[in-house]
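Visitor: Following this line is structure24.csv, made up of CSV, C-alpha atoms:
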chain,number,residue,atom,x,y,z
A,1,MET,CA,-100.7,14.9,-160.9
A,2,GLY,CA,-100.9,17.9,-158.5
A,3,ALA,CA,-98.6,21.0,-158.6
A,4,ARG,CA,-95.1,20.5,-157.2
A,5,VAL,CA,-95.0,22.2,-153.8
A,6,ILE,CA,-91.8,24.1,-152.9
A,7,ARG,CA,-91.4,25.0,-149.3
A,8,ILE,CA,-89.4,28.2,-148.8
A,9,GLY,CA,-87.9,28.9,-145.4
A,10,THR,CA,-87.6,32.5,-144.2
A,11,ARG,CA,-87.2,34.7,-141.1
A,12,GLY,CA,-90.3,36.4,-139.8
A,13,SER,CA,-89.3,40.0,-140.2
A,14,ALA,CA,-91.1,42.2,-142.7
A,15,LEU,CA,-88.0,42.6,-144.8
A,16,ALA,CA,-87.3,38.8,-144.8
A,17,ARG,CA,-91.0,38.2,-145.9
A,18,ALA,CA,-90.7,40.8,-148.6
A,19,GLN,CA,-87.6,39.2,-149.9
A,20,THR,CA,-89.1,35.8,-149.9
A,21,THR,CA,-92.2,37.1,-151.7
A,22,LEU,CA,-89.9,38.4,-154.5
A,23,ILE,CA,-88.3,34.9,-154.9
A,24,ALA,CA,-91.7,33.1,-154.7
A,25,THR,CA,-93.1,35.4,-157.3
A,26,ALA,CA,-90.1,34.9,-159.6
A,27,LEU,CA,-90.3,31.1,-159.2
A,28,ILE,CA,-94.0,31.0,-160.1
A,29,GLU,CA,-93.4,33.2,-163.1
A,30,ALA,CA,-90.6,30.8,-164.3
A,31,HIS,CA,-92.5,27.6,-163.5
A,32,ARG,CA,-96.3,28.0,-163.6
A,33,ASP,CA,-96.9,24.5,-162.3
A,34,LEU,CA,-95.3,25.3,-158.9
A,35,GLU,CA,-97.1,25.8,-155.6
A,36,ILE,CA,-95.2,27.8,-152.9
A,37,GLU,CA,-95.5,27.2,-149.2
A,38,VAL,CA,-93.7,29.8,-147.0
A,39,VAL,CA,-92.3,28.4,-143.7
A,40,THR,CA,-91.4,31.0,-141.1
A,41,ILE,CA,-88.5,30.1,-138.8
A,42,THR,CA,-87.2,32.2,-135.9
A,43,THR,CA,-83.4,32.3,-135.8
A,44,THR,CA,-80.9,32.9,-132.9
A,45,GLY,CA,-80.3,36.4,-134.3
A,46,ASP,CA,-84.0,37.2,-134.1
A,47,ARG,CA,-84.3,36.0,-130.5
A,48,SER,CA,-81.1,37.7,-129.4
A,49,GLN,CA,-81.9,41.0,-131.2
A,50,ALA,CA,-85.4,41.1,-129.6
A,51,THR,CA,-83.8,40.9,-126.1
A,52,ASN,CA,-80.8,43.1,-126.9
A,53,GLN,CA,-78.4,40.2,-126.0
A,54,ILE,CA,-76.2,40.6,-129.1
A,55,GLY,CA,-73.4,43.1,-129.1
A,56,PRO,CA,-72.3,45.1,-132.1
A,57,ASP,CA,-69.9,42.4,-133.2
A,58,TRP,CA,-72.2,39.4,-133.0
A,59,GLY,CA,-70.3,37.4,-135.6
A,60,SER,CA,-71.8,35.7,-138.6
A,61,GLY,CA,-74.4,33.0,-139.1
A,62,VAL,CA,-76.8,33.8,-136.3
A,63,PHE,CA,-79.6,34.7,-138.8
A,64,VAL,CA,-79.2,31.6,-141.0
A,65,LYS,CA,-78.3,28.6,-138.8
A,66,GLU,CA,-81.8,27.5,-138.0
A,67,LEU,CA,-82.8,27.9,-141.7
A,68,GLU,CA,-79.9,25.7,-142.6
A,69,ALA,CA,-80.8,23.1,-140.0
A,70,ALA,CA,-84.4,23.0,-141.4
A,71,LEU,CA,-82.9,22.5,-144.9
A,72,LEU,CA,-80.8,19.6,-143.7
A,73,ARG,CA,-83.8,18.0,-141.9
A,74,GLU,CA,-85.7,18.4,-145.2
A,75,GLU,CA,-88.4,20.5,-143.6
A,76,ILE,CA,-88.0,23.1,-146.3
A,77,ASP,CA,-86.7,22.9,-149.9
A,78,LEU,CA,-84.9,26.2,-150.0
A,79,ALA,CA,-84.1,29.2,-147.8
A,80,VAL,CA,-83.9,32.9,-148.7
A,81,HIS,CA,-81.3,34.9,-147.0
A,82,SER,CA,-79.8,38.4,-147.1
A,83,LEU,CA,-76.4,37.4,-148.5
A,84,LYS,CA,-74.6,39.6,-146.1
A,85,ASP,CA,-75.9,37.4,-143.3
A,86,VAL,CA,-74.4,34.2,-144.8
A,87,PRO,CA,-71.0,33.2,-143.5
A,88,PRO,CA,-68.2,32.8,-146.0
A,89,VAL,CA,-68.0,29.1,-145.3
A,90,LEU,CA,-71.3,27.3,-145.8
A,91,ALA,CA,-72.7,24.4,-143.8
A,92,ALA,CA,-71.8,21.0,-145.2
A,93,ASP,CA,-74.1,19.5,-147.8
A,94,LEU,CA,-75.7,22.9,-148.6
A,95,THR,CA,-75.1,25.3,-151.5
A,96,LEU,CA,-76.0,28.8,-152.7
A,97,ALA,CA,-78.1,27.6,-155.6
A,98,ALA,CA,-79.0,31.0,-157.0
A,99,ILE,CA,-78.1,34.7,-156.5
A,100,PRO,CA,-80.6,37.0,-158.2
A,101,VAL,CA,-80.0,40.4,-159.6
A,102,ARG,CA,-78.9,42.7,-156.8
A,103,GLU,CA,-80.7,45.6,-155.3
A,104,ASP,CA,-78.8,48.9,-154.6
A,105,PRO,CA,-75.9,47.8,-152.2
A,106,SER,CA,-75.4,51.3,-150.7
A,107,ASP,CA,-75.7,52.4,-147.1
A,108,VAL,CA,-77.8,55.5,-146.4
A,109,LEU,CA,-77.8,58.1,-143.7
A,110,VAL,CA,-81.4,58.6,-142.5
A,111,THR,CA,-82.4,61.7,-140.7
A,112,ALA,CA,-85.6,63.6,-140.0
A,113,ASP,CA,-84.8,66.1,-142.8
A,114,GLY,CA,-82.4,64.3,-145.2
A,115,ARG,CA,-79.2,66.1,-144.1
A,116,ASN,CA,-75.7,65.1,-145.0
A,117,LEU,CA,-73.1,63.5,-142.7
A,118,GLU,CA,-71.2,66.8,-142.5
A,119,ASP,CA,-74.4,68.6,-141.5
A,120,LEU,CA,-75.1,66.5,-138.4
A,121,PRO,CA,-74.7,68.5,-135.2
A,122,PRO,CA,-71.3,68.3,-133.3
A,123,GLY,CA,-71.5,65.3,-130.9
A,124,GLY,CA,-74.6,64.0,-132.7
A,125,ARG,CA,-76.0,60.6,-131.9
A,126,VAL,CA,-75.9,58.1,-134.8
A,127,GLY,CA,-77.7,54.8,-134.3
A,128,THR,CA,-76.1,51.6,-135.8
A,129,SER,CA,-75.5,48.1,-134.7
A,130,SER,CA,-72.6,47.7,-137.2
A,131,ALA,CA,-69.0,47.9,-136.2
A,132,ARG,CA,-68.2,48.5,-139.9
A,133,ARG,CA,-70.5,51.5,-140.2
A,134,SER,CA,-69.2,53.0,-136.9
A,135,ALA,CA,-65.6,52.5,-137.8
A,136,PHE,CA,-65.7,54.1,-141.3
A,137,LEU,CA,-68.0,57.0,-140.4
A,138,ARG,CA,-66.1,57.8,-137.3
A,139,ALA,CA,-63.1,58.3,-139.5
A,140,ALA,CA,-65.0,61.1,-141.3
A,141,ARG,CA,-66.7,62.5,-138.2
A,142,PRO,CA,-64.8,61.6,-135.1
A,143,ASP,CA,-67.0,64.0,-133.0
A,144,LEU,CA,-70.1,61.9,-133.5
A,145,HIS,CA,-71.4,59.4,-130.9
A,146,PHE,CA,-72.2,56.0,-132.4
A,147,GLU,CA,-74.8,54.3,-130.3
A,148,LEU,CA,-76.2,50.8,-130.5
A,149,ILE,CA,-79.6,50.4,-132.0
A,150,ARG,CA,-81.8,47.3,-132.2
A,151,GLY,CA,-84.9,46.2,-133.9
A,152,ASN,CA,-86.2,45.8,-137.4
A,153,VAL,CA,-86.1,48.6,-140.0
A,154,GLU,CA,-89.5,50.0,-139.0
A,155,THR,CA,-88.5,50.0,-135.3
A,156,ARG,CA,-85.3,51.8,-136.1
A,157,LEU,CA,-87.2,54.5,-138.1
A,158,ARG,CA,-89.6,54.9,-135.3
A,159,LYS,CA,-86.8,55.5,-132.8
A,160,LEU,CA,-85.3,58.1,-135.1
A,161,GLY,CA,-88.7,59.8,-135.3
A,162,GLU,CA,-88.9,59.8,-131.5
A,163,GLY,CA,-85.7,61.8,-131.4
A,164,GLN,CA,-83.6,59.0,-129.8
A,165,TYR,CA,-81.0,59.5,-132.5
A,166,ASP,CA,-79.9,62.4,-134.7
A,167,ALA,CA,-79.4,59.9,-137.5
A,168,ILE,CA,-79.4,56.2,-138.2
A,169,VAL,CA,-77.6,54.2,-140.9
A,170,LEU,CA,-79.5,51.6,-142.9
A,171,ALA,CA,-79.1,49.6,-146.1
A,172,ARG,CA,-80.8,51.2,-149.0
A,173,ALA,CA,-81.9,47.8,-150.3
A,174,GLY,CA,-84.1,47.2,-147.3
A,175,LEU,CA,-85.8,50.6,-147.6
A,176,ASN,CA,-86.5,49.9,-151.3
A,177,ARG,CA,-87.8,46.4,-150.8
A,178,LEU,CA,-90.1,47.5,-148.0
A,179,GLU,CA,-91.1,50.6,-150.0
A,180,LEU,CA,-90.6,52.8,-146.9
A,181,ASP,CA,-90.6,56.5,-147.1
A,182,ALA,CA,-87.6,58.0,-145.4
A,183,ALA,CA,-85.4,61.1,-145.7
A,184,TYR,CA,-81.9,59.9,-146.5
A,185,VAL,CA,-78.7,60.6,-148.4
A,186,VAL,CA,-76.6,57.8,-150.0
A,187,LEU,CA,-73.2,57.3,-148.4
A,188,GLU,CA,-70.6,56.9,-151.1
A,189,PRO,CA,-68.8,53.5,-151.1
A,190,ARG,CA,-65.4,55.1,-150.8
A,191,LEU,CA,-66.5,56.7,-147.6
A,192,LEU,CA,-68.4,53.7,-146.3
A,193,PRO,CA,-67.7,50.4,-148.2
A,194,PRO,CA,-70.9,48.3,-147.9
A,195,ALA,CA,-71.0,44.9,-146.1
A,196,PRO,CA,-69.9,42.1,-148.5
A,197,GLY,CA,-73.0,40.9,-150.2
A,198,GLN,CA,-75.2,43.8,-149.1
A,199,GLY,CA,-78.2,44.3,-151.3
A,200,ALA,CA,-78.0,40.7,-152.7
A,201,LEU,CA,-80.2,37.7,-151.9
A,202,ALA,CA,-79.0,34.2,-151.5
A,203,ILE,CA,-81.2,31.2,-152.2
A,204,GLN,CA,-79.8,28.2,-150.4
A,205,ALA,CA,-80.6,24.6,-151.1
A,206,ARG,CA,-79.3,21.1,-150.4
A,207,ALA,CA,-76.3,20.4,-152.6
A,208,GLY,CA,-77.7,17.1,-153.8
A,209,ASP,CA,-81.2,18.3,-154.6
A,210,ARG,CA,-80.8,18.6,-158.3
A,211,GLU,CA,-84.5,19.1,-159.0
A,212,VAL,CA,-84.8,22.2,-156.8
A,213,ILE,CA,-81.4,23.6,-158.0
A,214,SER,CA,-82.6,23.3,-161.6
A,215,LEU,CA,-85.8,25.2,-160.7
A,216,LEU,CA,-83.6,28.1,-159.5
A,217,GLU,CA,-81.5,28.4,-162.6
A,218,GLN,CA,-83.6,31.1,-164.2
A,219,LEU,CA,-83.4,33.3,-161.1
A,220,HIS,CA,-79.6,33.2,-161.0
A,221,ASP,CA,-77.6,36.3,-162.2
A,222,PRO,CA,-74.0,35.4,-163.1
A,223,ALA,CA,-72.7,39.0,-162.9
A,224,THR,CA,-74.1,39.5,-159.4
A,225,ALA,CA,-72.8,36.2,-158.3
A,226,ALA,CA,-69.3,37.0,-159.5
A,227,ALA,CA,-69.3,40.4,-157.8
A,228,VAL,CA,-70.4,38.9,-154.4
A,229,ARG,CA,-67.9,36.0,-154.8
A,230,ALA,CA,-65.1,38.6,-154.9
A,231,GLU,CA,-66.6,40.5,-151.9
A,232,ARG,CA,-67.0,37.3,-149.8
A,233,ARG,CA,-63.5,36.1,-150.7
A,234,LEU,CA,-62.0,39.5,-149.6
A,235,MET,CA,-64.0,39.2,-146.3
A,236,ALA,CA,-62.7,35.7,-145.7
A,237,ASN,CA,-59.1,36.7,-146.5
A,238,LEU,CA,-59.2,39.7,-144.2
A,239,ASP,CA,-60.9,37.7,-141.4
A,240,GLY,CA,-64.0,39.9,-141.5
A,241,GLY,CA,-67.3,39.3,-139.8
A,242,CYS,CA,-66.8,38.8,-136.1
A,243,ARG,CA,-63.3,40.3,-135.9
A,244,LEU,CA,-62.2,43.1,-138.2
A,245,PRO,CA,-64.9,45.3,-139.8
A,246,VAL,CA,-64.6,44.8,-143.5
A,247,GLY,CA,-66.5,46.4,-146.4
A,248,ALA,CA,-66.4,45.4,-150.0
A,249,LEU,CA,-68.2,46.2,-153.3
A,250,GLY,CA,-67.8,44.5,-156.6
A,251,THR,CA,-69.2,46.2,-159.7
A,252,PRO,CA,-69.4,44.4,-163.0
A,253,ARG,CA,-68.2,46.5,-166.0
A,254,ALA,CA,-69.5,46.6,-169.5
A,255,ASP,CA,-66.2,45.4,-170.9
A,256,GLY,CA,-66.3,42.1,-169.0
A,257,GLY,CA,-64.2,43.3,-166.1
A,258,LEU,CA,-65.0,43.6,-162.4
A,259,HIS,CA,-64.2,46.6,-160.2
A,260,LEU,CA,-63.6,45.7,-156.6
A,261,LEU,CA,-63.5,48.3,-153.8
A,262,GLY,CA,-62.5,47.1,-150.3
A,263,GLY,CA,-61.9,48.6,-146.9
A,264,VAL,CA,-60.8,47.3,-143.5
A,265,ALA,CA,-60.7,48.8,-140.1
A,266,ARG,CA,-57.7,47.7,-138.0
A,267,ASP,CA,-57.2,47.2,-134.3
A,268,ASP,CA,-54.5,49.9,-134.2
A,269,GLY,CA,-57.2,52.6,-134.9
A,270,SER,CA,-56.6,53.0,-138.6
A,271,LEU,CA,-58.4,51.9,-141.7
A,272,SER,CA,-57.5,51.3,-145.3
A,273,VAL,CA,-59.5,51.6,-148.5
A,274,ALA,CA,-58.3,50.4,-151.9
A,275,GLU,CA,-59.6,49.2,-155.2
A,276,ALA,CA,-58.6,47.1,-158.2
A,277,VAL,CA,-60.0,45.9,-161.5
A,278,GLY,CA,-59.8,42.4,-162.8
A,279,ARG,CA,-61.8,39.8,-164.8
A,280,LEU,CA,-65.4,39.1,-164.1
A,281,ASP,CA,-64.7,35.4,-164.6
A,282,ALA,CA,-61.9,35.4,-162.0
A,283,PRO,CA,-63.4,37.1,-158.9
A,284,GLU,CA,-61.4,35.2,-156.4
A,285,GLU,CA,-58.1,36.2,-158.1
A,286,LEU,CA,-59.1,39.9,-158.0
A,287,ALA,CA,-60.1,39.6,-154.3
A,288,ASP,CA,-56.7,38.0,-153.5
A,289,GLU,CA,-54.9,40.8,-155.3
A,290,LEU,CA,-56.8,43.5,-153.4
A,291,THR,CA,-56.3,41.6,-150.1
A,292,GLU,CA,-52.5,42.0,-150.6
A,293,ARG,CA,-52.9,45.7,-151.3
A,294,LEU,CA,-54.9,46.2,-148.1
A,295,ARG,CA,-52.5,44.2,-146.1
A,296,SER,CA,-49.4,46.0,-147.4
A,297,PRO,CA,-48.1,48.9,-145.3
A,298,GLY,CA,-48.9,52.2,-147.0
A,299,ALA,CA,-51.2,50.5,-149.5
A,300,GLY,CA,-54.6,52.0,-150.2
A,301,GLU,CA,-55.8,55.0,-148.3
A,302,ARG,CA,-55.1,54.9,-144.5
A,303,ARG,CA,-57.1,57.3,-142.4
A,304,PRO,CA,-56.6,57.8,-138.6
A,305,MET,CA,-59.6,56.8,-136.5
A,306,VAL,CA,-60.4,58.6,-133.3
A,307,TYR,CA,-62.6,56.8,-130.8
A,308,ALA,CA,-64.9,58.7,-128.6
Would you mind giving the structure from this file in structure tokens?

Guide:
Amino acid sequence: MGARVIRIGTRGSALARAQTTLIATALIEAHRDLEIEVVTITTTGDRSQATNQIGPDWGSGVFVKELEAALLREEIDLAVHSLKDVPPVLAADLTLAAIPVREDPSDVLVTADGRNLEDLPPGGRVGTSSARRSAFLRAARPDLHFELIRGNVETRLRKLGEGQYDAIVLARAGLNRLELDAAYVVLEPRLLPPAPGQGALAIQARAGDREVISLLEQLHDPATAAAVRAERRLMANLDGGCRLPVGALGTPRADGGLHLLGGVARDDGSLSVAEAVGRLDAPEELADELTERLRSPGAGERRPMVYA
């Protein structure tokens, strides 16, 4: 009998392909009798980003819908996503079968010479397509101009190099996975809470496909999964994604606990940042507790935001 062929669906960007290669390699190492076929699928987000038709608050799911449709049509066996692109509510009949060990979830400020946020020139131009990044960084530097930037990671770095921006904000995980050389400083999570799920990968499969799900068991990291479950629950509770900019970071502790940092930017021009510690085996309960703290008047840290 020939090798079992597993078809992995992925977006066509260099980062998506690099992430898919990580998963394909891990699968083959875990199951030597597998043969991997990579199927590249263009998503709505890819098409809209290429034509600059998506605004800074494009909502969730635009980078995964076509991959999910291909799964449901059984054209692929699994799909690899950046978890931050996956909506809190999954498509019917699909499941997140595995969440591997997470890369660094931090955001980074990239400049020509690696300078800090406080060292950017007054009125400097910062390129980002994220309402979350703009909202939280504007609270620290209200004089800066946050301008929309489009394209993949390499394109954004090229635009920075051409002088179109004084700085850009990227996910450190993407730079690491692409092994790109860039001058940056890490932005502390309390200053800029990462997007829920940032740095983590999600392997999606059909909920009833027990064979494929069993193949993915060795790739799953329970601690990472618990952390991102808390983050995604907090995002869903606070109505993040297409409405309020929400950041969250769950950090597993050596004592079996889970630390959860969360932040939300509100329509009234303020933002709150708060944190709590709970059990690693009860991430949703911890997220619900932190949600109430962030919703309560005076809870957490509220900082005025000034819009340019």

Visitor: Set out as a tab-separated table a contact list for stretch 170-194 of chain A and stretch 103-127 of chain A with a cut-off of 8 Å, giving each residue of stretch 170-194 of chain A that qualifies its closest atom pair and distance in Å to one decimal, counting only C-alpha atoms, ordered by chain and rising residue number.

Guide:
residue	atom	partner	partner_atom	distance
A:Leu170	CA	A:Val108	CA	5.5
A:Ala171	CA	A:Asp107	CA	4.5
A:Arg172	CA	A:Asp107	CA	5.6
A:Ala173	CA	A:Asp104	CA	5.4
A:Ala182	CA	A:Val110	CA	6.9
A:Ala183	CA	A:Gly114	CA	4.4
A:Tyr184	CA	A:Val110	CA	4.2
A:Val185	CA	A:Leu109	CA	5.4
A:Val186	CA	A:Val108	CA	4.4
A:Leu187	CA	A:Val108	CA	5.3
A:Glu188	CA	A:Ser106	CA	7.4
A:Pro189	CA	A:Ser106	CA	7.0
A:Leu192	CA	A:Asp107	CA	7.5
A:Pro194	CA	A:Ser106	CA	6.1

Visitor: Can you tell me which residues surround A:Leu294 at a distance of at most 12 Å, considering only C-alpha atoms, apart from same-chain residues fewer than 5 positions away, and format the answer as a PDB file with C-alpha atoms, in the coordinates of the input?

Guide:
ATOM      1  CA  LEU A 234     -62.000  39.500-149.600  1.00  0.00           C
ATOM      2  CA  MET A 235     -64.000  39.200-146.300  1.00  0.00           C
ATOM      3  CA  ASN A 237     -59.100  36.700-146.500  1.00  0.00           C
ATOM      4  CA  LEU A 238     -59.200  39.700-144.200  1.00  0.00           C
ATOM      5  CA  VAL A 246     -64.600  44.800-143.500  1.00  0.00           C
ATOM      6  CA  GLY A 247     -66.500  46.400-146.400  1.00  0.00           C
ATOM      7  CA  ALA A 248     -66.400  45.400-150.000  1.00  0.00           C
ATOM      8  CA  LEU A 261     -63.500  48.300-153.800  1.00  0.00           C
ATOM      9  CA  GLY A 262     -62.500  47.100-150.300  1.00  0.00           C
ATOM     10  CA  GLY A 263     -61.900  48.600-146.900  1.00  0.00           C
ATOM     11  CA  VAL A 264     -60.800  47.300-143.500  1.00  0.00           C
ATOM     12  CA  ALA A 265     -60.700  48.800-140.100  1.00  0.00           C
ATOM     13  CA  ARG A 266     -57.700  47.700-138.000  1.00  0.00           C
ATOM     14  CA  SER A 270     -56.600  53.000-138.600  1.00  0.00           C
ATOM     15  CA  LEU A 271     -58.400  51.900-141.700  1.00  0.00           C
ATOM     16  CA  SER A 272     -57.500  51.300-145.300  1.00  0.00           C
ATOM     17  CA  VAL A 273     -59.500  51.600-148.500  1.00  0.00           C
ATOM     18  CA  ALA A 274     -58.300  50.400-151.900  1.00  0.00           C
ATOM     19  CA  GLU A 275     -59.600  49.200-155.200  1.00  0.00           C
ATOM     20  CA  ALA A 276     -58.600  47.100-158.200  1.00  0.00           C
ATOM     21  CA  ALA A 287     -60.100  39.600-154.300  1.00  0.00           C
ATOM     22  CA  ASP A 288     -56.700  38.000-153.500  1.00  0.00           C
ATOM     23  CA  GLU A 289     -54.900  40.800-155.300  1.00  0.00           C
ATOM     24  CA  ALA A 299     -51.200  50.500-149.500  1.00  0.00           C
ATOM     25  CA  GLY A 300     -54.600  52.000-150.200  1.00  0.00           C
ATOM     26  CA  GLU A 301     -55.800  55.000-148.300  1.00  0.00           C
ATOM     27  CA  ARG A 302     -55.100  54.900-144.500  1.00  0.00           C
TER      28      ARG A 302
END

Visitor: So, with only C-alpha atoms as the atoms that count, which of A:Ala195, A:Ala30, A:Ala223, A:Leu201 lies closest to A:Leu249?

Guide: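 Once distances to A:Leu249 are computed over only C-alpha atoms, the minimum belongs to A:Ala195.
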
Visitor: From the options A:Ile99, A:Ala24, A:Ala91, A:Leu72, which residue's atoms come nearest to A:Ala226, counting only C-alpha atoms?

Guide: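 Looking at the shortest contact to A:Ala226, the residue is A:Ile99.
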
Visitor: Considering only C-alpha atoms, can you say which of A:Leu191, A:Ala26, A:Val38, A:Ala79 comes closest to A:Ala135?

Guide: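 Smallest separation from A:Ala135 among the options: A:Leu191.
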
Visitor: Go through A:Leu15, A:Leu137, A:Ile203, A:Val5 and flag the residue nearest A:Ala98, using all atoms listed in the file for the distances.

Guide: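 Closest to A:Ala98, using all atoms listed in the file: A:Ile203.
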
Visitor: Identify, on the basis of only C-alpha atoms, every residue whose closest approach to stretch 280-286 of chain A does not exceed 7 Å; exclude the query and any residue fewer than 6 positions from it along the same chain; express the result as a list in words.

Guide: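 With the cut-off at 7 Å, the set is Ala226, Ala227, Arg229, Ala230, Arg233, Pro252, Gly256, Gly257 and Leu258 of chain A.
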
Visitor: So how many Å separate atom CA of A:Lys159 and atom CA of A:Glu147, to one decimal?

Guide: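 That distance, rounded to one decimal, is 12.3 Å.
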
Visitor: Write out as a count of residues only the residues lying within 10 Å of A:Ser13, counting all atoms listed in the file and excluding same-chain residues fewer than 4 positions away.

Guide: 9

Visitor: Using all atoms listed in the file, which of the listed residues (A:His145, A:Ala140, A:Asp221, A:Lys65) sits closest to A:Arg190?

Guide: A:Ala140

Visitor: Taking all atoms listed in the file into account, name the residue in A:Leu157, A:Ile149, A:Ile8, A:Ala200 that is nearest to A:Leu180.

Guide: A:Leu157

Visitor: So how far away is atom CA of A:Val228 from atom CA of A:Thr44, in Å?

Guide: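 Taking atom CA of A:Thr44 as the start and atom CA of A:Val228 as the end point, the length is 24.7 Å.
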
Visitor: Can you pull out the residues contacting A:Gln204? Cut-off 12 Å, using all atoms listed in the file, and skip same-chain residues under 2 positions away; I want them as a ChimeraX atom specification.

Guide: /A:8-10,23,64-65,67-72,76-83,86,90-100,201-202,206-209,212-213,216,220

Visitor: Could you check how far atom CA of A:Thr128 sits from atom CA of A:Arg150, in Å to one decimal?

Guide: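 Separation between atom CA of A:Thr128 and atom CA of A:Arg150: 8.0 Å.
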